[in-house]
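Below is one structure; the comments refer to it alone.
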There are 2 protein chains.
Amino acid sequence: MSNENGQCSSCGEMNEGTCGGEKCSPPPKLHPGGPSKIRNVIAVMSGKGGVGKSSVTSLMAVNLKRMGYQVGVLDADITGPSIPKMFGVKRVPPSQGLMLPAQSRTGIPIMSLNLLLEKEDEPVIWRGPMIAGAVKQFWTDVNWGELDYLLIDMPPGTGDVPLTVLQQIPVDGIVVVTSPQDLAVMVVKKAVKMAGLMEAPLLGFVQNMAYATCPKCGEKFEIFGKALEKGDILDGLPVLEVLPIDQEFTRLCDNGLVEEAPIQVFEDIPKLLKVKSQVG
Amino acid sequence: MSNENGQCSSCGEMNEGTCGGEKCSPPPKLHPGGPSKIRNVIAVMSGKGGVGKSSVTSLMAVNLKRMGYQVGVLDADITGPSIPKMFGVKRVPPSQGLMLPAQSRTGIPIMSLNLLLEKEDEPVIWRGPMIAGAVKQFWTDVNWGELDYLLIDMPPGTGDVPLTVLQQIPVDGIVVVTSPQDLAVMVVKKAVKMAGLMEAPLLGFVQNMAYATCPKCGEKFEIFGKALEKGDILDGLPVLEVLPIDQEFTRLCDNGLVEEAPIQVFEDIPKLLKVKSQVG
């Protein structure tokens, strides 16, 4: 719905609003760039920052790749991108026309704003429409090739990027990352409710930072509050994985070696998505 | 600078752009609501999510209050607000005209989007201009009374809210929160550079989650990488505090009892800001 000067009264956008509320008609789903053939899109979101969305996205990509699937990662955290550093990739290859993603050591295509910057710590001081526009371009203007799974690492919050991704990219499943702290769970529930309001399919939760291990005595302890167990049900959704704080994993991520992490998780993802094509 | 149809070609806004780049003239600083008299504004920012901006903001508020100053907290994390839960406040009092902040147990006025919602886990699905508009209103449309310090808890990223706060609210000092993980430091540097570009005064860093303590053997260990020490210099700025992961503090925050935290920090803040008025 528009007000007198053609601006949506809720989101303030001109002509076609995209606020997803009753007042705006939602915009259409977009096609991925050129010859890209993407069978499943999984969005990793949280609402809360710093609970480990990027770690979970990376671990999921690495494990799906190990199972033999073709996997790509779209880093939708435009102002705080972590994915390139975890995989040790720096720049996208030169291309004409559609952009090409960077390729990780094990052949995972990655697109991130940081791959387009001269310096990784250069800030991207943009307002929401520009940020959401960049995410859309990572979908429409990138040649992803043929992928069984494209994983989208979402920024925190329930603002422009999650809104644009859930409205305009055909997401097949959402994985919600949380930490044991009550406070995180409250903010994370906002993301769950947002997904519900937008009729996006929720696959389940990943509880991250569930426990730490003392390097001296080996004690495993719940550092941020009560840990869940894999298979538990939270808000009617299954807990897909429970992950610890793992200093060796942190070190690997800091050194761009996430693909070497000896962590086997997310075996159930293909089943959950009833994968549209089988490997081999 | 505007393009033909009156829209800034960089940020897309109409008439007066606010992107802070060369193409837009920055908007004017705003006055706080009505009779508010605010001597110092401190913004707590990070770039990275989940490093503990809200914990740091709360601890700073609690400690300045204990020193005898009048302190308020403006929660600028519109889509992921944590402050009300930490202080155990639920709703703002009814008011006519200007909004009134909620009051914590020890008399800290607090304004947060969550204080305006029926349910704390209700999502706020807004685009950037709406989100930044809410933050501006928390400054212009709230009667803050007389405060020595107003602390602004910023959301992660370098998008709409940090941009609006640094452009339109007269910030006297910025405290940047980081964690030991390299990855966090890289993203945090984006926030530091943003502050530099916008000529906002940086006071220093707080390193959060520097170490954990094993509840069994008492071993203190660096859980996310190399910890700093108070007084160290990072990127030319002092490290103001180094804070551990503290399970008791987490429990207090989850129960709305942050004001009971037996943690004495931030004694140097008034000196750093050469506080414009002395207590008593």
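Each chain of the structure tokens is named A, B, ... in the order shown, its residues numbered from 1; ligands are numbered from 1 in display order.
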Any chance you could tabulate, as a Markdown table, the residues of chain A at most 7 Å from chain B with each one's nearest atom pair and distance in Å to one decimal, using only C-alpha atoms, in chain and rising number order?
| residue | atom | partner | partner_atom | distance |
| --- | --- | --- | --- | --- |
| A:Cys11 | CA | B:Arg127 | CA | 6.2 |
| A:Cys19 | CA | B:Trp126 | CA | 6.5 |
| A:Gly47 | CA | B:Gly80 | CA | 6.5 |
| A:Lys48 | CA | B:Gly80 | CA | 6.2 |
| A:Gly49 | CA | B:Gly49 | CA | 3.8 |
| A:Gly50 | CA | B:Gly50 | CA | 3.6 |
| A:Val51 | CA | B:Gly50 | CA | 6.3 |
| A:Thr79 | CA | B:Gly157 | CA | 5.1 |
| A:Gly80 | CA | B:Val187 | CA | 5.6 |
| A:Ser82 | CA | B:Leu183 | CA | 6.7 |
| A:Asp121 | CA | B:Lys190 | CA | 5.1 |
| A:Glu122 | CA | B:Lys190 | CA | 5.5 |
| A:Pro123 | CA | B:Lys190 | CA | 4.3 |
| A:Val124 | CA | B:Thr158 | CA | 6.4 |
| A:Ile125 | CA | B:Thr158 | CA | 5.3 |
| A:Trp126 | CA | B:Gly159 | CA | 5.2 |
| A:Arg127 | CA | B:Asp160 | CA | 4.7 |
| A:Gly128 | CA | B:Gly128 | CA | 4.6 |
| A:Met130 | CA | B:Cys11 | CA | 6.5 |
| A:Gly157 | CA | B:Thr79 | CA | 5.1 |
| A:Thr158 | CA | B:Ile125 | CA | 5.3 |
| A:Gly159 | CA | B:Trp126 | CA | 5.2 |
| A:Asp160 | CA | B:Arg127 | CA | 4.7 |
| A:Asp182 | CA | B:Asp254 | CA | 5.7 |
| A:Leu183 | CA | B:Asp254 | CA | 5.8 |
| A:Met186 | CA | B:Asp121 | CA | 5.6 |
| A:Val187 | CA | B:Gly80 | CA | 5.6 |
| A:Lys189 | CA | B:Asp121 | CA | 5.7 |
| A:Lys190 | CA | B:Pro123 | CA | 4.3 |
| A:Ala191 | CA | B:Pro123 | CA | 6.6 |
| A:Lys193 | CA | B:Pro123 | CA | 6.4 |
| A:Met194 | CA | B:Pro123 | CA | 5.9 |
| A:Cys214 | CA | B:Cys214 | CA | 5.9 |
| A:Lys216 | CA | B:Glu219 | CA | 6.8 |
| A:Cys217 | CA | B:Cys217 | CA | 6.7 |
| A:Glu219 | CA | B:Lys216 | CA | 6.8 |
| A:Ile223 | CA | B:Gln247 | CA | 6.2 |
| A:Phe224 | CA | B:Gln247 | CA | 6.4 |
| A:Gln247 | CA | B:Ile223 | CA | 6.3 |
| A:Thr250 | CA | B:Phe224 | CA | 6.8 |
| A:Asp254 | CA | B:Asp182 | CA | 5.8 |
Residues of range 43-243 of chain A in alpha helix (DSSP H), written as a PyMOL selection string: chain A and resi 53-66+83-87+128-140+160-168+182-197
For C-alpha atoms, I'd like the residues from the last selection saved as a PDB file, in the first residue's frame.
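Output contents, as saved in out37.pdb:
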ATOM      1  CA  LYS A  53      26.481 -18.322  12.021  1.00  0.00           C
ATOM      2  CA  SER A  54      29.630 -18.170   9.907  1.00  0.00           C
ATOM      3  CA  SER A  55      31.243 -21.097  11.729  1.00  0.00           C
ATOM      4  CA  VAL A  56      28.080 -23.151  11.267  1.00  0.00           C
ATOM      5  CA  THR A  57      27.802 -22.171   7.593  1.00  0.00           C
ATOM      6  CA  SER A  58      31.447 -23.107   6.991  1.00  0.00           C
ATOM      7  CA  LEU A  59      31.175 -26.426   8.818  1.00  0.00           C
ATOM      8  CA  MET A  60      28.027 -27.281   6.896  1.00  0.00           C
ATOM      9  CA  ALA A  61      29.686 -26.429   3.577  1.00  0.00           C
ATOM     10  CA  VAL A  62      32.802 -28.437   4.416  1.00  0.00           C
ATOM     11  CA  ASN A  63      30.775 -31.474   5.509  1.00  0.00           C
ATOM     12  CA  LEU A  64      28.389 -31.441   2.540  1.00  0.00           C
ATOM     13  CA  LYS A  65      31.425 -31.187   0.258  1.00  0.00           C
ATOM     14  CA  ARG A  66      32.998 -34.178   2.015  1.00  0.00           C
ATOM     15  CA  ILE A  83      33.568 -16.351   5.427  1.00  0.00           C
ATOM     16  CA  PRO A  84      36.574 -15.428   3.188  1.00  0.00           C
ATOM     17  CA  LYS A  85      38.986 -15.360   6.121  1.00  0.00           C
ATOM     18  CA  MET A  86      37.790 -18.763   7.386  1.00  0.00           C
ATOM     19  CA  PHE A  87      38.413 -20.348   3.974  1.00  0.00           C
ATOM     20  CA  GLY A 128      20.100  -0.778   4.007  1.00  0.00           C
ATOM     21  CA  PRO A 129      18.970  -0.519   0.375  1.00  0.00           C
ATOM     22  CA  MET A 130      22.590  -0.626  -0.859  1.00  0.00           C
ATOM     23  CA  ILE A 131      23.396  -3.564   1.425  1.00  0.00           C
ATOM     24  CA  ALA A 132      20.335  -5.536   0.339  1.00  0.00           C
ATOM     25  CA  GLY A 133      21.156  -4.663  -3.271  1.00  0.00           C
ATOM     26  CA  ALA A 134      24.624  -6.217  -2.933  1.00  0.00           C
ATOM     27  CA  VAL A 135      23.117  -9.436  -1.581  1.00  0.00           C
ATOM     28  CA  LYS A 136      20.673  -9.573  -4.475  1.00  0.00           C
ATOM     29  CA  GLN A 137      23.568  -9.126  -6.913  1.00  0.00           C
ATOM     30  CA  PHE A 138      25.446 -12.008  -5.279  1.00  0.00           C
ATOM     31  CA  TRP A 139      22.464 -14.123  -6.350  1.00  0.00           C
ATOM     32  CA  THR A 140      21.551 -12.617  -9.731  1.00  0.00           C
ATOM     33  CA  ASP A 160      17.059  -5.481   5.219  1.00  0.00           C
ATOM     34  CA  VAL A 161      19.160  -8.521   4.349  1.00  0.00           C
ATOM     35  CA  PRO A 162      17.077 -11.299   5.958  1.00  0.00           C
ATOM     36  CA  LEU A 163      13.985  -9.582   4.562  1.00  0.00           C
ATOM     37  CA  THR A 164      15.374  -9.427   1.028  1.00  0.00           C
ATOM     38  CA  VAL A 165      16.781 -12.975   1.126  1.00  0.00           C
ATOM     39  CA  LEU A 166      13.534 -14.504   2.410  1.00  0.00           C
ATOM     40  CA  GLN A 167      11.438 -12.524  -0.060  1.00  0.00           C
ATOM     41  CA  GLN A 168      13.506 -12.678  -3.209  1.00  0.00           C
ATOM     42  CA  ASP A 182      18.842 -17.061  27.595  1.00  0.00           C
ATOM     43  CA  LEU A 183      19.496 -13.644  26.179  1.00  0.00           C
ATOM     44  CA  ALA A 184      20.663 -15.072  22.862  1.00  0.00           C
ATOM     45  CA  VAL A 185      17.691 -17.411  22.747  1.00  0.00           C
ATOM     46  CA  MET A 186      15.274 -14.489  23.182  1.00  0.00           C
ATOM     47  CA  VAL A 187      16.815 -12.559  20.290  1.00  0.00           C
ATOM     48  CA  VAL A 188      17.095 -15.729  18.196  1.00  0.00           C
ATOM     49  CA  LYS A 189      13.348 -16.333  18.636  1.00  0.00           C
ATOM     50  CA  LYS A 190      12.789 -13.078  16.794  1.00  0.00           C
ATOM     51  CA  ALA A 191      14.464 -14.633  13.745  1.00  0.00           C
ATOM     52  CA  VAL A 192      12.376 -17.795  14.106  1.00  0.00           C
ATOM     53  CA  LYS A 193       9.182 -15.768  14.267  1.00  0.00           C
ATOM     54  CA  MET A 194      10.292 -13.704  11.284  1.00  0.00           C
ATOM     55  CA  ALA A 195      10.827 -16.888   9.249  1.00  0.00           C
ATOM     56  CA  GLY A 196       7.365 -18.069  10.327  1.00  0.00           C
ATOM     57  CA  LEU A 197       5.746 -14.774   9.336  1.00  0.00           C
TER      58      LEU A 197
END
Spatial neighbours of Leu234 in chain A, max dist 10 Å, only C-alpha atoms, sep filter under 6 positions, as an mmCIF file with N, CA, C and O atoms, in the first residue's frame:
data_model
loop_
_atom_site.group_PDB
_atom_site.id
_atom_site.type_symbol
_atom_site.label_atom_id
_atom_site.label_comp_id
_atom_site.auth_asym_id
_atom_site.auth_seq_id
_atom_site.Cartn_x
_atom_site.Cartn_y
_atom_site.Cartn_z
ATOM 1 N N GLY A 204 15.620 -26.447 11.539
ATOM 2 C CA GLY A 204 15.933 -26.732 12.933
ATOM 3 C C GLY A 204 16.998 -25.796 13.468
ATOM 4 O O GLY A 204 17.399 -24.843 12.808
ATOM 5 N N PHE A 205 17.418 -26.108 14.702
ATOM 6 C CA PHE A 205 18.401 -25.280 15.403
ATOM 7 C C PHE A 205 19.782 -25.925 15.411
ATOM 8 O O PHE A 205 19.904 -27.154 15.399
ATOM 9 N N LEU A 228 21.897 -28.037 25.187
ATOM 10 C CA LEU A 228 20.883 -28.958 24.670
ATOM 11 C C LEU A 228 21.580 -30.226 24.194
ATOM 12 O O LEU A 228 22.805 -30.337 24.254
#
Which residues are near Asn40 in chain A? Cut-off 7 Å, only C-alpha atoms, ignore same chain within fewer than 6 positions. Put them as a PyMOL selection string. chain A and resi 148-150+172
Selection near Ser179 in chain B, 6 Å with only C-alpha atoms, sequence-local residues under 3 positions removed, as a short mmCIF file (atom, residue, chain, number, x, y, z; two decimals) with all heavy atoms, in the first residue's frame:
data_model
loop_
_atom_site.label_atom_id
_atom_site.label_comp_id
_atom_site.auth_asym_id
_atom_site.auth_seq_id
_atom_site.Cartn_x
_atom_site.Cartn_y
_atom_site.Cartn_z
N VAL B 51 30.17 -9.84 20.45
CA VAL B 51 31.41 -9.71 21.21
C VAL B 51 31.14 -9.12 22.59
O VAL B 51 32.04 -9.06 23.43
CB VAL B 51 32.49 -8.87 20.48
CG1 VAL B 51 32.96 -9.56 19.22
CG2 VAL B 51 31.99 -7.48 20.17
N GLN B 207 38.51 -5.36 25.47
CA GLN B 207 38.58 -6.74 24.99
C GLN B 207 37.71 -7.61 25.89
O GLN B 207 37.93 -7.69 27.10
CB GLN B 207 40.02 -7.26 24.99
CG GLN B 207 40.09 -8.62 24.28
CD GLN B 207 41.47 -9.25 24.36
OE1 GLN B 207 42.06 -9.35 25.44
NE2 GLN B 207 41.98 -9.69 23.24
N ASN B 208 36.72 -8.22 25.27
CA ASN B 208 35.79 -9.05 26.03
C ASN B 208 36.09 -10.52 25.76
O ASN B 208 36.74 -10.86 24.78
CB ASN B 208 34.36 -8.70 25.60
CG ASN B 208 33.32 -9.19 26.60
OD1 ASN B 208 33.61 -9.39 27.78
ND2 ASN B 208 32.11 -9.38 26.13
N MET B 209 35.62 -11.39 26.63
CA MET B 209 35.80 -12.85 26.46
C MET B 209 37.28 -13.21 26.37
O MET B 209 37.66 -14.09 25.59
CB MET B 209 35.09 -13.35 25.20
CG MET B 209 33.64 -12.95 25.13
SD MET B 209 32.82 -13.85 23.80
CE MET B 209 31.35 -12.85 23.62
#
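Taking CA of Glu229 in chain A as the reference point, CA of Glu241 in chain A is found at 7.6 Å.
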Go through range 123-247 of chain B and collect every residue that DSSP, computed from the backbone, puts in strand (DSSP E or B); the answer should be as an NGL selection string. :B and (142 or 146-153 or 173-178 or 202-207 or 212-213 or 220-221 or 233-234 or 237-242)
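Summary of the local environment: counting only C-alpha atoms, residues at most 12 Å from Gly97 in chain A, other than itself and those fewer than 3 positions away along its chain, are Gly33, Gly34, Pro94, Leu100, Thr140, Asp141, Val142 and Asn143 of chain A.
Across the model, the gap from CA of Met67 in chain A to CA of Val171 in chain A is 21.5 Å.
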Between B:Asp232, B:Tyr211, B:Asn114, B:Gly173, which one has atoms that come closest to Glu199 in chain B, using only C-alpha atoms? B:Gly173
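The interatomic distance for the pair CA of Val177 in chain B and CA of Val258 in chain B works out to 18.2 Å.
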